[in-house]
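Source file: final.pdb (PDB, C-alpha atoms)
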ATOM      1  CA  MET C   1     102.990  70.558 104.783  1.00  0.00           C
ATOM      2  CA  LEU C   2     100.843  70.595 107.886  1.00  0.00           C
ATOM      3  CA  ASN C   3     103.956  70.480 110.023  1.00  0.00           C
ATOM      4  CA  ARG C   4     105.317  73.647 108.389  1.00  0.00           C
ATOM      5  CA  LEU C   5     101.998  75.392 108.854  1.00  0.00           C
ATOM      6  CA  SER C   6     101.783  74.523 112.523  1.00  0.00           C
ATOM      7  CA  ILE C   7     105.400  75.496 113.188  1.00  0.00           C
ATOM      8  CA  MET C   8     105.022  78.897 111.609  1.00  0.00           C
ATOM      9  CA  SER C   9     101.592  79.569 113.093  1.00  0.00           C
ATOM     10  CA  SER C  10     103.262  80.106 116.459  1.00  0.00           C
ATOM     11  CA  GLN C  11     104.860  83.287 115.008  1.00  0.00           C
ATOM     12  CA  LYS C  12     108.275  82.275 116.333  1.00  0.00           C
ATOM     13  CA  THR C  13     111.084  83.366 114.098  1.00  0.00           C
ATOM     14  CA  ARG C  14     112.948  80.680 112.193  1.00  0.00           C
ATOM     15  CA  HIS C  15     115.998  80.754 109.925  1.00  0.00           C
ATOM     16  CA  ALA C  16     115.449  80.267 106.200  1.00  0.00           C
ATOM     17  CA  PHE C  17     117.872  78.800 103.669  1.00  0.00           C
ATOM     18  CA  PHE C  18     117.861  78.252  99.936  1.00  0.00           C
ATOM     19  CA  SER C  19     119.917  75.701  98.014  1.00  0.00           C
ATOM     20  CA  GLU C  20     119.421  74.988  94.312  1.00  0.00           C
ATOM     21  CA  THR C  21     121.000  71.548  94.899  1.00  0.00           C
ATOM     22  CA  GLN C  22     118.452  70.812  97.625  1.00  0.00           C
ATOM     23  CA  LYS C  23     115.588  72.104  95.441  1.00  0.00           C
ATOM     24  CA  GLN C  24     116.622  69.878  92.512  1.00  0.00           C
ATOM     25  CA  ALA C  25     116.991  66.854  94.811  1.00  0.00           C
ATOM     26  CA  ALA C  26     113.514  67.451  96.275  1.00  0.00           C
ATOM     27  CA  ARG C  27     112.085  67.950  92.781  1.00  0.00           C
ATOM     28  CA  LYS C  28     113.661  64.720  91.521  1.00  0.00           C
ATOM     29  CA  ALA C  29     112.428  62.761  94.539  1.00  0.00           C
ATOM     30  CA  LYS C  30     108.977  64.434  94.344  1.00  0.00           C
ATOM     31  CA  LEU C  31     109.043  65.043  98.093  1.00  0.00           C
ATOM     32  CA  GLY C  32     106.382  67.763  98.226  1.00  0.00           C
ATOM     33  CA  ARG C  33     102.925  66.939  96.915  1.00  0.00           C
ATOM     34  CA  ILE C  34      99.579  68.742  97.033  1.00  0.00           C
ATOM     35  CA  TRP C  35      96.291  68.737  95.112  1.00  0.00           C
ATOM     36  CA  LYS C  36      95.459  71.786  92.984  1.00  0.00           C
ATOM     37  CA  ASP C  37      92.501  72.009  90.591  1.00  0.00           C
ATOM     38  CA  ASN C  38      91.780  68.282  91.082  1.00  0.00           C
ATOM     39  CA  LYS C  39      95.302  67.408  89.988  1.00  0.00           C
ATOM     40  CA  GLU C  40      98.293  66.202  91.953  1.00  0.00           C
ATOM     41  CA  VAL C  41     101.165  68.707  91.667  1.00  0.00           C
ATOM     42  CA  TYR C  42     104.624  68.775  93.184  1.00  0.00           C
ATOM     43  CA  TYR C  43     106.635  71.474  94.920  1.00  0.00           C
ATOM     44  CA  SER C  44     110.234  71.642  96.083  1.00  0.00           C
ATOM     45  CA  SER C  45     110.359  74.980  97.889  1.00  0.00           C
ATOM     46  CA  ASN C  46     108.181  77.369  99.869  1.00  0.00           C
ATOM     47  CA  ILE C  47     107.670  81.107 100.165  1.00  0.00           C
ATOM     48  CA  TYR C  48     108.074  82.625 103.624  1.00  0.00           C
ATOM     49  CA  LEU C  49     107.703  86.144 104.971  1.00  0.00           C
ATOM     50  CA  THR C  50     110.829  87.675 106.505  1.00  0.00           C
ATOM     51  CA  THR C  51     110.862  89.816 109.617  1.00  0.00           C
ATOM     52  CA  ASP C  52     111.146  92.913 107.400  1.00  0.00           C
ATOM     53  CA  GLY C  53     108.157  91.924 105.235  1.00  0.00           C
ATOM     54  CA  ARG C  54     109.911  90.469 102.165  1.00  0.00           C
ATOM     55  CA  GLU C  55     108.869  87.197 100.563  1.00  0.00           C
ATOM     56  CA  VAL C  56     111.730  84.708 100.112  1.00  0.00           C
ATOM     57  CA  GLU C  57     111.884  81.288  98.484  1.00  0.00           C
ATOM     58  CA  ALA C  58     113.288  78.736 100.921  1.00  0.00           C
ATOM     59  CA  THR C  59     114.143  75.086 100.619  1.00  0.00           C
ATOM     60  CA  GLU C  60     114.511  74.666 104.371  1.00  0.00           C
ATOM     61  CA  VAL C  61     113.546  76.489 107.558  1.00  0.00           C
ATOM     62  CA  ARG C  62     115.177  75.709 110.910  1.00  0.00           C
ATOM     63  CA  ALA C  63     114.759  76.894 114.486  1.00  0.00           C
ATOM     64  CA  ASP C  64     118.547  77.030 114.881  1.00  0.00           C
ATOM     65  CA  ALA C  65     120.584  78.583 112.065  1.00  0.00           C
ATOM     66  CA  ASP C  66     123.571  76.369 112.896  1.00  0.00           C
ATOM     67  CA  SER C  67     121.580  73.145 112.456  1.00  0.00           C
ATOM     68  CA  TYR C  68     121.292  73.445 108.646  1.00  0.00           C
ATOM     69  CA  ASN C  69     123.208  70.720 106.793  1.00  0.00           C
ATOM     70  CA  LYS C  70     125.812  72.916 105.081  1.00  0.00           C
ATOM     71  CA  LYS C  71     127.996  69.961 104.031  1.00  0.00           C
ATOM     72  CA  THR C  72     125.229  68.265 102.045  1.00  0.00           C
ATOM     73  CA  PHE C  73     124.137  71.524 100.387  1.00  0.00           C
ATOM     74  CA  PRO C  74     127.273  73.672 100.101  1.00  0.00           C
ATOM     75  CA  ASP C  75     125.571  76.072  97.666  1.00  0.00           C
ATOM     76  CA  PHE C  76     123.170  77.227 100.391  1.00  0.00           C
ATOM     77  CA  VAL C  77     122.274  80.879 100.888  1.00  0.00           C
ATOM     78  CA  TYR C  78     121.129  82.125 104.283  1.00  0.00           C
ATOM     79  CA  LEU C  79     117.975  84.181 103.721  1.00  0.00           C
ATOM     80  CA  GLY C  80     117.516  85.545 107.237  1.00  0.00           C
ATOM     81  CA  GLN C  81     114.773  85.118 109.779  1.00  0.00           C
ATOM     82  CA  VAL C  82     111.221  84.340 108.735  1.00  0.00           C
ATOM     83  CA  THR C  83     107.987  84.580 110.671  1.00  0.00           C
ATOM     84  CA  LYS C  84     105.275  83.187 108.425  1.00  0.00           C
ATOM     85  CA  TRP C  85     104.782  80.514 105.773  1.00  0.00           C
ATOM     86  CA  VAL C  86     103.034  81.989 102.702  1.00  0.00           C
ATOM     87  CA  ARG C  87     102.718  79.345  99.955  1.00  0.00           C
ATOM     88  CA  VAL C  88     104.425  76.539  98.056  1.00  0.00           C
ATOM     89  CA  VAL C  89     106.248  77.055  94.757  1.00  0.00           C
ATOM     90  CA  ILE C  90     104.721  74.617  92.265  1.00  0.00           C
ATOM     91  CA  ASP C  91     107.287  72.781  90.113  1.00  0.00           C
ATOM     92  CA  ASP C  92     107.045  73.124  86.345  1.00  0.00           C
TER      93      ASP C  92
END
As structure tokens, please, write out the structure in this file.
Amino acid sequence: MLNRLSIMSSQKTRHAFFSETQKQAARKAKLGRIWKDNKEVYYSSNIYLTTDGREVEATEVRADADSYNKKTFPDFVYLGQVTKWVRVVIDD
């Protein structure tokens, strides 16, 4: 989490992607974890702000759009460029 915050704090644009397969894999593996209201909760995606001001849910953000692993997550959707991390999406 801190790594994402520090990357995006530089205000450099990055490329955002969403894959339901990747989200489910992260959810199953419980890769993202934070504390909320004195309880450990899990997340598998994040909300980012696009260059045109929209909020998008992303499972991965990369500096280079071509470096995303399209073979592992063939259901990916390219969401465009993002400039700022906003929040995590808490899993149900």
Per-residue nearest contacts of range 32-68 of chain C to range 21-24 of chain C (12 Å; all atoms listed in the file) as a tab-separated table:
residue	atom	partner	partner_atom	distance
C:Gly32	CA	C:Lys23	CA	10.6
C:Tyr42	CA	C:Lys23	CA	11.7
C:Tyr43	CA	C:Lys23	CA	9.0
C:Ser44	CA	C:Lys23	CA	5.4
C:Ser45	CA	C:Lys23	CA	6.5
C:Asn46	CA	C:Lys23	CA	10.1
C:Glu57	CA	C:Lys23	CA	10.4
C:Ala58	CA	C:Lys23	CA	8.9
C:Thr59	CA	C:Lys23	CA	6.1
C:Glu60	CA	C:Gln22	CA	8.7
C:Tyr68	CA	C:Gln22	CA	11.7
Practice task
Take the PyMOL selection byres ((chain C and resi 85) around 6), apply it to the structure above, and return the hits as a ChimeraX atom specification.
Solution key: /C:48,84,86
Exercise for the section: Name all residues at most 8 Å from Val56 in chain C (count all atoms listed in the file; drop same-chain ones fewer than 6 positions away) and give them as an NGL selection string. Expected result: :C and (47-50 or 79)
Practice task
Considering all atoms listed in the file, return as a VMD selection string whatever protein or nucleic-acid residues lie within 8 Å of Arg62 in chain C, sequence-local ones (same chain, fewer than 2 positions apart) excluded.
Solution key: chain C and resid 14 to 16 60 64 to 65 67 to 68
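Note that the spacing between CA of Leu31 in chain C and CA of Arg54 in chain C amounts to 25.8 Å.
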Padding 4 Å on each side, edges along x, y and z: where is the centre of the box around the listed atoms of range 27-32 of chain C, and how long are its edges in Å to one decimal? Output it as JSON.
{"center_x": 110.0, "center_y": 65.4, "center_z": 94.9, "size_x": 15.3, "size_y": 13.2, "size_z": 14.7}
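As for CA of Lys12 in chain C and CA of Thr51 in chain C, they are spaced 10.4 Å apart.
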Exercise for the section: Quick one: apply the PyMOL selection byres ((chain C and resi 90) around 7) to the file and drop the selected residues here as a list in words. Expected result: Val41, Tyr42, Tyr43, Val88, Val89, Asp91 and Asp92 of chain C
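Note that CA of Phe18 in chain C and CA of Lys70 in chain C are 10.9 Å apart.
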Only C-alpha atoms, please: chain C from the block, as a PDB file, in the first residue's frame.
ATOM      1  CA  MET C   1       0.000   0.000   0.000  1.00  0.00           C
ATOM      2  CA  LEU C   2       2.708   2.467   0.905  1.00  0.00           C
ATOM      3  CA  ASN C   3       4.450   1.731  -2.365  1.00  0.00           C
ATOM      4  CA  ARG C   4       1.339   2.686  -4.355  1.00  0.00           C
ATOM      5  CA  LEU C   5       0.958   5.869  -2.357  1.00  0.00           C
ATOM      6  CA  SER C   6       4.541   6.928  -2.910  1.00  0.00           C
ATOM      7  CA  ILE C   7       4.439   6.106  -6.622  1.00  0.00           C
ATOM      8  CA  MET C   8       1.325   8.141  -7.228  1.00  0.00           C
ATOM      9  CA  SER C   9       2.379  11.026  -4.997  1.00  0.00           C
ATOM     10  CA  SER C  10       4.884  12.043  -7.662  1.00  0.00           C
ATOM     11  CA  GLN C  11       1.911  12.966  -9.915  1.00  0.00           C
ATOM     12  CA  LYS C  12       3.422  11.057 -12.833  1.00  0.00           C
ATOM     13  CA  THR C  13       0.830   9.470 -15.032  1.00  0.00           C
ATOM     14  CA  ARG C  14       0.544   5.698 -14.959  1.00  0.00           C
ATOM     15  CA  HIS C  15      -1.552   3.218 -16.937  1.00  0.00           C
ATOM     16  CA  ALA C  16      -4.437   1.515 -15.150  1.00  0.00           C
ATOM     17  CA  PHE C  17      -5.919  -1.907 -15.874  1.00  0.00           C
ATOM     18  CA  PHE C  18      -8.801  -3.933 -14.523  1.00  0.00           C
ATOM     19  CA  SER C  19      -9.180  -7.709 -14.666  1.00  0.00           C
ATOM     20  CA  GLU C  20     -11.928  -9.599 -12.839  1.00  0.00           C
ATOM     21  CA  THR C  21      -9.688 -12.703 -12.954  1.00  0.00           C
ATOM     22  CA  GLN C  22      -6.876 -10.771 -11.273  1.00  0.00           C
ATOM     23  CA  LYS C  23      -9.288  -9.307  -8.688  1.00  0.00           C
ATOM     24  CA  GLN C  24     -10.650 -12.762  -7.784  1.00  0.00           C
ATOM     25  CA  ALA C  25      -7.123 -14.198  -7.542  1.00  0.00           C
ATOM     26  CA  ALA C  26      -6.044 -11.353  -5.233  1.00  0.00           C
ATOM     27  CA  ARG C  27      -9.212 -11.776  -3.165  1.00  0.00           C
ATOM     28  CA  LYS C  28      -8.652 -15.526  -2.812  1.00  0.00           C
ATOM     29  CA  ALA C  29      -5.005 -15.044  -1.846  1.00  0.00           C
ATOM     30  CA  LYS C  30      -5.903 -12.134   0.493  1.00  0.00           C
ATOM     31  CA  LEU C  31      -3.042 -10.083  -0.935  1.00  0.00           C
ATOM     32  CA  GLY C  32      -4.245  -6.653   0.193  1.00  0.00           C
ATOM     33  CA  ARG C  33      -4.778  -6.080   3.900  1.00  0.00           C
ATOM     34  CA  ILE C  34      -5.482  -2.990   6.000  1.00  0.00           C
ATOM     35  CA  TRP C  35      -6.970  -2.161   9.406  1.00  0.00           C
ATOM     36  CA  LYS C  36     -10.346  -0.396   9.500  1.00  0.00           C
ATOM     37  CA  ASP C  37     -12.369   0.230  12.668  1.00  0.00           C
ATOM     38  CA  ASN C  38      -9.961  -1.963  14.680  1.00  0.00           C
ATOM     39  CA  LYS C  39     -10.581  -4.876  12.336  1.00  0.00           C
ATOM     40  CA  GLU C  40      -8.407  -6.436   9.672  1.00  0.00           C
ATOM     41  CA  VAL C  41     -10.090  -6.155   6.253  1.00  0.00           C
ATOM     42  CA  TYR C  42      -8.985  -7.200   2.795  1.00  0.00           C
ATOM     43  CA  TYR C  43      -9.016  -5.458  -0.568  1.00  0.00           C
ATOM     44  CA  SER C  44      -8.271  -6.654  -4.081  1.00  0.00           C
ATOM     45  CA  SER C  45      -8.498  -3.449  -6.106  1.00  0.00           C
ATOM     46  CA  ASN C  46      -7.979   0.294  -5.809  1.00  0.00           C
ATOM     47  CA  ILE C  47      -9.672   3.463  -6.999  1.00  0.00           C
ATOM     48  CA  TYR C  48      -7.549   5.891  -9.007  1.00  0.00           C
ATOM     49  CA  LEU C  49      -8.240   9.283 -10.541  1.00  0.00           C
ATOM     50  CA  THR C  50      -7.876   9.503 -14.322  1.00  0.00           C
ATOM     51  CA  THR C  51      -6.360  12.431 -16.163  1.00  0.00           C
ATOM     52  CA  ASP C  52      -9.884  13.627 -17.022  1.00  0.00           C
ATOM     53  CA  GLY C  53     -11.075  13.466 -13.395  1.00  0.00           C
ATOM     54  CA  ARG C  54     -12.993  10.159 -13.388  1.00  0.00           C
ATOM     55  CA  GLU C  55     -12.588   7.557 -10.662  1.00  0.00           C
ATOM     56  CA  VAL C  56     -11.784   4.057 -11.962  1.00  0.00           C
ATOM     57  CA  GLU C  57     -11.375   0.728 -10.198  1.00  0.00           C
ATOM     58  CA  ALA C  58      -8.023  -0.823 -11.082  1.00  0.00           C
ATOM     59  CA  THR C  59      -6.396  -4.104 -10.222  1.00  0.00           C
ATOM     60  CA  GLU C  60      -3.004  -2.971 -11.486  1.00  0.00           C
ATOM     61  CA  VAL C  61      -1.214   0.261 -12.360  1.00  0.00           C
ATOM     62  CA  ARG C  62       1.973   0.312 -14.443  1.00  0.00           C
ATOM     63  CA  ALA C  63       4.405   2.960 -15.642  1.00  0.00           C
ATOM     64  CA  ASP C  64       4.508   1.311 -19.075  1.00  0.00           C
ATOM     65  CA  ALA C  65       1.210   0.207 -20.628  1.00  0.00           C
ATOM     66  CA  ASP C  66       2.953  -2.594 -22.533  1.00  0.00           C
ATOM     67  CA  SER C  67       4.361  -4.173 -19.358  1.00  0.00           C
ATOM     68  CA  TYR C  68       0.979  -5.461 -18.095  1.00  0.00           C
ATOM     69  CA  ASN C  69       0.756  -9.267 -18.066  1.00  0.00           C
ATOM     70  CA  LYS C  70      -1.965  -9.699 -20.702  1.00  0.00           C
ATOM     71  CA  LYS C  71      -1.396 -13.463 -21.049  1.00  0.00           C
ATOM     72  CA  THR C  72      -2.073 -14.183 -17.375  1.00  0.00           C
ATOM     73  CA  PHE C  73      -5.148 -11.926 -17.283  1.00  0.00           C
ATOM     74  CA  PRO C  74      -6.656 -12.045 -20.783  1.00  0.00           C
ATOM     75  CA  ASP C  75      -9.913 -10.455 -19.580  1.00  0.00           C
ATOM     76  CA  PHE C  76      -8.103  -7.192 -18.805  1.00  0.00           C
ATOM     77  CA  VAL C  77      -9.563  -3.805 -19.689  1.00  0.00           C
ATOM     78  CA  TYR C  78      -7.286  -0.820 -20.232  1.00  0.00           C
ATOM     79  CA  LEU C  79      -8.709   2.066 -18.198  1.00  0.00           C
ATOM     80  CA  GLY C  80      -6.420   4.843 -19.416  1.00  0.00           C
ATOM     81  CA  GLN C  81      -3.920   7.023 -17.639  1.00  0.00           C
ATOM     82  CA  VAL C  82      -4.245   7.793 -13.949  1.00  0.00           C
ATOM     83  CA  THR C  83      -2.587  10.454 -11.844  1.00  0.00           C
ATOM     84  CA  LYS C  84      -3.647   9.818  -8.265  1.00  0.00           C
ATOM     85  CA  TRP C  85      -4.473   6.926  -5.945  1.00  0.00           C
ATOM     86  CA  VAL C  86      -7.781   7.575  -4.132  1.00  0.00           C
ATOM     87  CA  ARG C  87      -8.711   4.574  -1.948  1.00  0.00           C
ATOM     88  CA  VAL C  88      -8.921   0.795  -1.692  1.00  0.00           C
ATOM     89  CA  VAL C  89     -12.073  -1.182  -2.488  1.00  0.00           C
ATOM     90  CA  ILE C  90     -12.842  -3.304   0.577  1.00  0.00           C
ATOM     91  CA  ASP C  91     -13.815  -6.907  -0.231  1.00  0.00           C
ATOM     92  CA  ASP C  92     -17.185  -8.169   0.961  1.00  0.00           C
TER      93      ASP C  92
END
